[in-house]
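Please read the structure below before turning to the comments.
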Number of protein chains: 2
Amino acid sequence: MSRDRLSLNTATCKHLTLAECVEVAKAAGLGAVGPWRDRVAEVGAAEAARIIHDAGLRVSTLCRGGFLTARDDAAAEAALADNRAAIDEAATLGTKELVFVVGGLPSGFAGMGIDHTPADDEDKDLVAARQRVADRVGILAPYARERGVRIALEPMHPLFTADRGVLTTIAQSLAIATDHPADVVGVVVDTYHVWWDPDLEASIAQAGAEGRISSYQICDWTLPLAANTLNSRGYPGDGHIDFPTISRWVAEAGYDGDVEVEIFNEEIWSRPGAEVVETIARRYEELVKPFL
Amino acid sequence: MSRDRLSLNTATCKHLTLAECVEVAKAAGLGAVGPWRDRVAEVGAAEAARIIHDAGLRVSTLCRGGFLTARDDAAAEAALADNRAAIDEAATLGTKELVFVVGGLPSGFAGMGIDHTPADDEDKDLVAARQRVADRVGILAPYARERGVRIALEPMHPLFTADRGVLTTIAQSLAIATDHPADVVGVVVDTYHVWWDPDLEASIAQAGAEGRISSYQICDWTLPLAANTLNSRGYPGDGHIDFPTISRWVAEAGYDGDVEVEIFNEEIWSRPGAEVVETIARRYEELVKPFL
């Protein structure tokens with residue numbers, strides 16, 4: 001079926017419940033959904049798994065673990081505990097891939113509404129924050145491995161380095177992953193976050209050769225940016241990203257998994273879910289699928 | 001003199017003439033200014049040179065050449081002609097360094113108010129746009145060399161890849177520069193644009209080892225972004241960038257040139273020039289100079 005590899009991330013239809021997302025995805029012929037934890041928590045992981053699998057859909061990824069950059073021990077322990085819970089949920093949902101948004105600088109915690117101290121506000125040490133991510137991935141990796149779940153590190157656009165994710169490139173994420181087996185730590189290729197990377201083709205090829213591509217996610221870089229820069233993403237084709245080229249690189253790297261669509265956009269959120277999913281599917285068929 | 005290496009880019013005091021910028025810079029004890037071409041054009045390059053040199057200041061850089069990504073021959077020729085004029089102006093001003101903002105994707109021309117065609121609007125080929133930059137730097141390099149001017153490639157934050165600058169990292173800029181002598185093509189280290197780069201320390205070291213650091217520019221990444229993302233920059237210390245660390249890397253790379261401050265910020269533009277320059281100088285003395 002032509003849309004079988006396409007997956008609807010629930011954040012794309014922010015106002016729909018998990019069951020509603022599953023319904024519109026199935027009706028449009030998609031093969032999978034990628035739920036966020038808040039939508040899973042509304043019904044519990046076991047019931048969420050039943051809803052998705054009863055509809056005959058796969059779970060492409062679970063969003064999200066991460067936020068591993070806290071400086072103090074108590075906050076770090078709380079983050080590790082929450083990530084272990086996320087790993088358990090992924091296992092219950094029957095997905096291999098748990099997406100990790102790794103967290104920003106301590107100096108960015110205030111802007112994110114994260115508990116912070118005056119010392120955090122002064123801490124702009126990016127090198128150290130990145131090292132904490134590597135260290136804590138190392139702590140979580142055995143737990144993930146035992147449960148058959150992969151930590152899928154998501155490099156984020158440098159727009160978000162200060163407040164959301166200190167990993168910016170696939171190469172940098174692979175450098176952390178390399179200390180672990182390929183089925184325990186992988187990387188996400190999200191066009192929005194990595195399209196600008198001068199080393200993108202080579203990094204995708206390397207990730208594929210290592211068997212570490214956890215997910216291929218598509219949404220577009222549109223301009224001007226929305227006032228809330230987090231919600232500034234567009235349908236593939238509405239912005240400046242070259243989807244045919246990047247999709248070809250992903251295919252040449254040997255990736256044959258799901259293609260997930262995660263769009264944060266106030267205007268798209270205001271539209272009916274069925275319309276949104278149909279638009280996504282048409283763009284996928286035009287700009288992505290022929291090149292995979 | 002403690003502020004001798006500090007340079008005021010005229011865009012930081014957007015509403016001042018060149019003569020006014022020179023006056024506030026000299027009064028605050030700065031050693032240089034970095035003029036934009038519009039302020040030079042108001043009086044002519046020869047008179048601009050006289051104003052700056054009579055005040056006993058250096059010209060750290062001239063801003064800016066570039067915008068080399070046009071697809072059609074006529075637009076490309078016009079861009080090359082304009083860049084030759086900029087090179088001549090730099091030579092007249094007595095500065096070695098002409099900063100190049102290399103231009104964005106053709107699909108971004110419309111948003112920048114650049115002449116564009118329907119074919120441009122569809123052109124999102126980032127690999128090809130980057131190659132055109134390399135090719136046209138090659139065309140301009142002999143002209144620059146004859147006049148003792150260096151093409152200073154400025155990698156830009158990936159926020160601007162689509163519309164303003166397809167070069168995003170120092171390493172990528174060095175890969176273009178390497179085809180040319182070190183005194184003909186260099187790179188700009190602007191904290192705002194490169195602070196997030198996982199390879200920053202190594203890339204600065206390489207640029208220094210090759211003798212290609214054309215300019216060290218400082219301004220901060222503040223959040224939330226301003227509605228006009230171009231004008232979202234802050235005084236060093238007001239945002240999330242680790243100036244002591246990056247300044248130390250620049251010093252260790254052997255750079256001993258000017259430290260230029262270029263801040264685009266509506267609030268800062270609304271303040272008196274003397275106040276702005278004094279704030280800049282104090283932040284420089286606190287966060288940058290001790291580490292150089």
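Residue names in the structure tokens use chain letters A, B, ... in the order shown, residue numbers from 1 in each chain, and ligand numbers from 1 in the order shown.
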Taking only C-alpha atoms into account, what are the residues of chain A at most 7 Å from chain B, put as an MDAnalysis selection string? chainID A and resid 107 124:125 158:159 161:162 172 196 198 227 240:242
Backbone-only DSSP, strand (DSSP E) members of range 43-120 of chain A, as an NGL selection string: :A and (58-59 or 62-66 or 97-101)
Can you write just those residues out, C-alpha atoms, as a PDB file, in the first residue's frame?
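Below is the file that was written, selection31.pdb:
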ATOM      1  CA  ARG A  58       2.719   0.169  13.957  1.00  0.00           C
ATOM      2  CA  VAL A  59       4.275   2.479  16.547  1.00  0.00           C
ATOM      3  CA  LEU A  62       7.701   7.206  21.113  1.00  0.00           C
ATOM      4  CA  CYS A  63       8.311  10.907  21.790  1.00  0.00           C
ATOM      5  CA  ARG A  64      10.159  11.638  23.946  1.00  0.00           C
ATOM      6  CA  GLY A  65      12.896  11.018  26.466  1.00  0.00           C
ATOM      7  CA  GLY A  66      15.897  13.201  27.149  1.00  0.00           C
ATOM      8  CA  GLU A  97      12.627   3.707  19.053  1.00  0.00           C
ATOM      9  CA  LEU A  98      12.463   6.229  21.912  1.00  0.00           C
ATOM     10  CA  VAL A  99      13.274   9.712  20.613  1.00  0.00           C
ATOM     11  CA  PHE A 100      15.602  11.733  22.879  1.00  0.00           C
ATOM     12  CA  VAL A 101      15.542  15.520  22.893  1.00  0.00           C
TER      13      VAL A 101
END
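By chain and then residue number, the residues within 7 Å of range 208-217 of chain A are Glu97, Ala152, Ala182, Gly186, Val187, Val188, Val189, Asp190, Thr191, Ala253, Gly254, Tyr255, Asp258, Val259, Glu260, Val261 and Glu262 of chain A, counting only C-alpha atoms and disregarding those fewer than 5 positions away in sequence.
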Might you pull out every residue within 10 Å of His53 in chain A, with only C-alpha atoms counted and same-chain residues fewer than 4 positions away left off, and present them as a PDB file with N, CA and C atoms, in the first residue's frame?
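Contents of part-v8.pdb, freshly written:
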ATOM      1  N   VAL A  22      -5.127   7.815  15.657  1.00  0.00           N
ATOM      2  CA  VAL A  22      -5.087   6.485  15.052  1.00  0.00           C
ATOM      3  C   VAL A  22      -6.173   6.369  13.978  1.00  0.00           C
ATOM      4  N   ALA A  32       1.438   3.683  10.311  1.00  0.00           N
ATOM      5  CA  ALA A  32       1.970   3.809  11.673  1.00  0.00           C
ATOM      6  C   ALA A  32       1.589   5.156  12.280  1.00  0.00           C
ATOM      7  N   GLU A  47      -3.175   0.275  27.250  1.00  0.00           N
ATOM      8  CA  GLU A  47      -4.361   0.588  26.460  1.00  0.00           C
ATOM      9  C   GLU A  47      -3.969   1.303  25.156  1.00  0.00           C
ATOM     10  N   ALA A  48      -2.966   2.175  25.240  1.00  0.00           N
ATOM     11  CA  ALA A  48      -2.490   2.855  24.023  1.00  0.00           C
ATOM     12  C   ALA A  48      -1.989   1.831  23.009  1.00  0.00           C
ATOM     13  N   ALA A  49      -1.248   0.848  23.504  1.00  0.00           N
ATOM     14  CA  ALA A  49      -0.743  -0.203  22.615  1.00  0.00           C
ATOM     15  C   ALA A  49      -1.904  -0.946  21.959  1.00  0.00           C
ATOM     16  N   LEU A  57      -2.004  -0.729  13.044  1.00  0.00           N
ATOM     17  CA  LEU A  57      -0.898   0.206  12.823  1.00  0.00           C
ATOM     18  C   LEU A  57       0.330  -0.166  13.646  1.00  0.00           C
ATOM     19  N   ARG A  58       1.485   0.308  13.194  1.00  0.00           N
ATOM     20  CA  ARG A  58       2.719   0.169  13.957  1.00  0.00           C
ATOM     21  C   ARG A  58       2.931   1.435  14.806  1.00  0.00           C
ATOM     22  N   VAL A  59       3.803   1.301  15.809  1.00  0.00           N
ATOM     23  CA  VAL A  59       4.275   2.479  16.547  1.00  0.00           C
ATOM     24  C   VAL A  59       5.678   2.791  16.030  1.00  0.00           C
ATOM     25  N   LEU A  93       4.538  -0.274  24.452  1.00  0.00           N
ATOM     26  CA  LEU A  93       3.907   0.108  23.185  1.00  0.00           C
ATOM     27  C   LEU A  93       4.381  -0.762  22.017  1.00  0.00           C
ATOM     28  N   GLY A  94       5.469  -1.482  22.228  1.00  0.00           N
ATOM     29  CA  GLY A  94       5.990  -2.315  21.160  1.00  0.00           C
ATOM     30  C   GLY A  94       6.740  -1.540  20.098  1.00  0.00           C
TER      31      GLY A  94
END
DSSP-assigned alpha helix (DSSP H) members of range 63-95 of chain A, reported as number ranges by chain: A: 73-93
For CA of Ser203 in chain B and CA of Ile170 in chain B, quote the distance in Å rounded to one decimal. 6.0 Å
Please, what distance in Å, to one decimal, runs between CA of Ala177 in chain B and CA of Ala207 in chain B?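 Between these atoms lies a distance of 9.9 Å.
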Which residues come within 8 Å of range 2-11 of chain A, counting only C-alpha atoms, excluding same-chain residues fewer than 5 positions away, as a PyMOL selection string? chain A and resi 16+18+21+25+29-36+39+60+257-264+277+281+284-285
For C-alpha atoms, I'd like the residues from the last selection saved as a CSV table (one decimal), in the first residue's frame.
chain,number,residue,atom,x,y,z
A,16,LEU,CA,-6.6,15.0,18.8
A,18,LEU,CA,-4.5,9.1,20.6
A,21,CYS,CA,-5.0,10.2,15.7
A,25,ALA,CA,-4.1,7.8,10.2
A,29,GLY,CA,-4.0,4.6,4.7
A,30,LEU,CA,-1.0,5.3,6.8
A,31,GLY,CA,0.9,2.4,8.3
A,32,ALA,CA,2.0,3.8,11.7
A,33,VAL,CA,1.7,6.5,14.3
A,34,GLY,CA,4.3,8.1,16.5
A,35,PRO,CA,2.7,9.0,19.8
A,36,TRP,CA,3.9,11.6,22.4
A,39,ARG,CA,-1.3,11.2,24.7
A,60,SER,CA,7.1,4.2,14.6
A,257,GLY,CA,11.7,2.1,8.1
A,258,ASP,CA,8.9,4.5,8.7
A,259,VAL,CA,8.7,8.1,7.6
A,260,GLU,CA,7.2,10.1,10.4
A,261,VAL,CA,5.6,13.5,10.0
A,262,GLU,CA,5.9,15.8,13.1
A,263,ILE,CA,4.8,19.4,12.4
A,264,PHE,CA,4.4,22.0,15.1
A,277,VAL,CA,-3.3,13.9,7.2
A,281,ALA,CA,0.1,12.0,2.5
A,284,TYR,CA,4.8,12.5,0.9
A,285,GLU,CA,3.7,10.8,-2.3
